[in-house]
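I have placed the structure first, in the form of structure tokens, so that the comments after it can refer back to it.
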Amino acid sequence: MELISLETIFAAAAAVLQLKILFWILIGVLVGFVFGASPGLTATTGVAIATPLTFGASFEVAMALLLGIYSAGYFAGSIPAILINTPGAPGNAATAIDGYRLARKGKADMVISLAIVASVIGGLFSIAILMFAAPVLSNFALRFTSVEYFALGLFGLICVSAVSGGALIKGIVGAAIGMFLGTIGIDEVGGTTRFTMGLTELQGGVPLIPTLIAFFAVAEMLLQASSSESASLLPPQQIHKISRLPKLVFRHSWLLLKSSIIGTFIGILPGTGPTIAAWIAYGQSGRDKAKTEGEDAAQVKGVIAAESANNAVTGGALVPLLTLGIPGDTVTAVLIGALLIQGIDPGPFFIIEHSDLFAQILLILVVAALMTLVLGLSARRFLPKILAIPPRILLPIIGVLCVTGAFAINHIPFEVGIIAVLGIAGYVLARFSFPMAPIVIGLVLGPIIEINLRNGLVANDMDLTVFVTRPISAAMLIAIAVTLIWSVRRSRH
Amino acid sequence: MKADRIAGGVIMIAGLGLMIAVTQVDILDNQPTLSARFFPYVLSVILSLGGLGLVFKPGDAKFGDVVNKLLANRGVTFAFVFLVYTLTFRFVDFRFGTWTFLLITMWILGSRKWIELLILPISVSMITYLIFRYGFTVLLPTWN
């Protein structure tokens, strides 16, 4: 692909770096913070609500608002994940595991700072990939069939061992429970109904976000409620000087790069998204090895990996959108509508015919990422103060937010009931020391694995060898085997 | 008795129960791929084996200790109130239901200051309602 000419970039910069456009990017980032940080209200919701408002606006204003929401929204869910173990979006669930543990040790300031920086670096990396390699990568993505998606799903399951701590059997059981929840509803391949117990509300399956709220937020809320009254939610927080951040970031530069690559790559694959990216990056973060350096070192790695991969999806997901007209994730699916409102047809000729608009999109993403960095670092000191609120007040408020968040997704009261039932089940499991994360991983990956296994077999006349004869699938299966053998050997030593 | 042995036993029974439930799933004749029963069946085997694993390799926690923590008064009462709040969500005006939920749960968790109990439930329920109704255009249940 020819690089975009300097002339085009300068022209785009002149269009984007105007006060009016910068203002709308700022509005988008602020809205993204609000939607991303509110459990149940995701960046997708924010972009979907804002899209009709761009009717009549110029292309630059529309993209400034929507991409600002996109960029900030994917990061902002890490804030409640870290502070109250309640991911703002599924993509931040992996961050909750280690981020919340660090916050409980008084390191919320440090971990929020790291999450911000990791997110921004991941986002900027993916934008660079988008700029230089979009058409090449989109051709690679087109080679992914059901067979490769099945192998990818299996690869994602490896991170169950990473999130299970020392309780691998409980992690596997949790993942199996999650995968079973994923089978509830109408079978997408055969069309038959499974395990709905006659409830029509379950025909669409167990919804992901209410399940996330249940197992992460509600279960934790009940755990806290059953603890002693004098226990506060978080200990006094240590202040982390910004001047120490560059050194900390540099120390994890390889992990940042690896996770950003994972996030960008996953984002390029249509129909995936930040959830899978974050979990895979988390599983590959090397946090088990880092435990020899101390628990904190391992948890820092987990947060950095999850957040950089989560935000790296933003640029990656724009690759198939702007080169093939296929959305890479749910937000880009909504962005198709926004582009059509502007009279632009995203597809194979978009970059060639509208290189100026393409350059503007890249620059807007860069500016949005930098605004997220500045605003996030500025606000981070105030955020943990939320936890100074006594548990007798904060826990009920969290309960209310969980309920309204669950209802806000689809306006279905049944989903509100789900968070209570699954939340109580999660509380019981947590009391028996079952980790919650594998359940959510299973719910996300289970359908991907099952549907693509069955579709892959249909497309290849039930030939099982196709999973090892197709090169990309074979490479991933080999990587899975190597990772498993290495994990087992390491655990024995 | 170790807690994991009990948990493992329950999970094993659940896995076996799932195996039986899978046989009730309708399948299509002459389906050119694995049936809708295949994956749930595999999961039921994994659950059964996982439960068995826990029975033979339990952790150190004692069942009595876990149950005591699980059935701690405040936790159980809070969970019950939360369950009632969510199950009645669609029938009760959001503002009233939320106010009631906040009042009761704050009391359960030890709030005894009358000013807290008077101001916070009302203000939180109203602010939440206004933000979601007019900010996010979420039509929360109301009685009018």
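Ligands are numbered from 1 in the order shown, residues from 1 within each chain, and chains are lettered A, B, ... in the order they appear in the structure tokens.
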- Might you pull out every residue within 9 Å of stretch 214-224 of chain A, with only C-alpha atoms counted and same-chain residues fewer than 6 positions away left off, and present them as JSON, numbers by chain? {"A": [81, 84, 85, 86, 87, 93, 96, 231, 233, 391, 395, 396, 398, 399, 402, 418, 419, 420, 421, 422, 423, 424, 425, 426, 427, 428, 429, 430, 431, 436, 437, 439, 440], "B": [70, 75, 76, 78, 79]}
- Message: Give me the residues near B:Ile46 as a PyMOL selection string, where near means some atom within 8 Å (using only C-alpha atoms) and where sequence neighbours in that chain fewer than 3 positions away do not count.
- Response: (chain A and resi 173+176) or (chain B and resi 15+42-43+49-50)
Export of prior selection with N, CA and C atoms as a PDB file, in the first residue's frame:
```
ATOM      1  N   VAL A 173     -13.655 -25.779  36.060  1.00  0.00           N
ATOM      2  CA  VAL A 173     -15.083 -25.963  36.360  1.00  0.00           C
ATOM      3  C   VAL A 173     -15.833 -24.658  36.089  1.00  0.00           C
ATOM      4  N   ALA A 176     -16.252 -24.183  32.458  1.00  0.00           N
ATOM      5  CA  ALA A 176     -17.292 -25.095  31.963  1.00  0.00           C
ATOM      6  C   ALA A 176     -18.684 -24.566  32.306  1.00  0.00           C
TER       7      ALA A 176
ATOM      8  N   GLY B  15     -23.129 -32.149  37.061  1.00  0.00           N
ATOM      9  CA  GLY B  15     -22.637 -32.623  35.771  1.00  0.00           C
ATOM     10  C   GLY B  15     -23.416 -33.827  35.272  1.00  0.00           C
ATOM     11  N   VAL B  42     -20.142 -32.657  26.265  1.00  0.00           N
ATOM     12  CA  VAL B  42     -18.723 -32.537  26.633  1.00  0.00           C
ATOM     13  C   VAL B  42     -18.578 -31.735  27.925  1.00  0.00           C
ATOM     14  N   LEU B  43     -19.339 -30.651  28.044  1.00  0.00           N
ATOM     15  CA  LEU B  43     -19.255 -29.817  29.244  1.00  0.00           C
ATOM     16  C   LEU B  43     -19.718 -30.592  30.478  1.00  0.00           C
ATOM     17  N   LEU B  49     -16.031 -34.577  35.870  1.00  0.00           N
ATOM     18  CA  LEU B  49     -14.634 -34.884  36.192  1.00  0.00           C
ATOM     19  C   LEU B  49     -14.032 -33.833  37.108  1.00  0.00           C
ATOM     20  N   GLY B  50     -14.395 -32.583  36.856  1.00  0.00           N
ATOM     21  CA  GLY B  50     -13.904 -31.495  37.712  1.00  0.00           C
ATOM     22  C   GLY B  50     -14.374 -31.665  39.141  1.00  0.00           C
TER      23      GLY B  50
END
```
- Message: What are the residues of chain B lining chain A at 8 Å or less? Count only C-alpha atoms, and put the answer as JSON, numbers by chain.
- Response: {"B": [3, 4, 7, 21, 25, 26, 27, 28, 31, 32, 33, 34, 35, 36, 39, 40, 43, 46, 47, 50, 51, 53, 54, 66, 69, 70, 72, 73, 74, 75, 76, 78, 79, 82, 83, 86, 87, 89, 90, 98, 101, 102, 105, 106, 107, 109, 110, 111, 124, 132, 138, 139]}
- Task: Check stretch 169-324 of chain A with DSSP on the backbone and list each residue it calls helix (DSSP H, G or I), as an MDAnalysis selection string.
- Result: chainID A and resid 169:183 200:202 208:225 242:251 253:268 274:283 287:293 295:324
- Query: Mind pulling up the distance from atom CA of A:Leu152 to atom CA of A:Leu256?
  - Reply: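 Between these atoms lies a distance of 20.8 Å.
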- Task: Enter the distance from atom CA of A:Leu373 to atom CA of A:Lys105, in Å, rounded to one decimal.
- Result: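 Separation between atom CA of A:Leu373 and atom CA of A:Lys105: 24.1 Å.
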- Task: Could you check which of B:Leu52, B:Asn30, B:Arg133, B:Phe38 is closest to B:Met12, using only C-alpha atoms?
- Result: B:Leu52
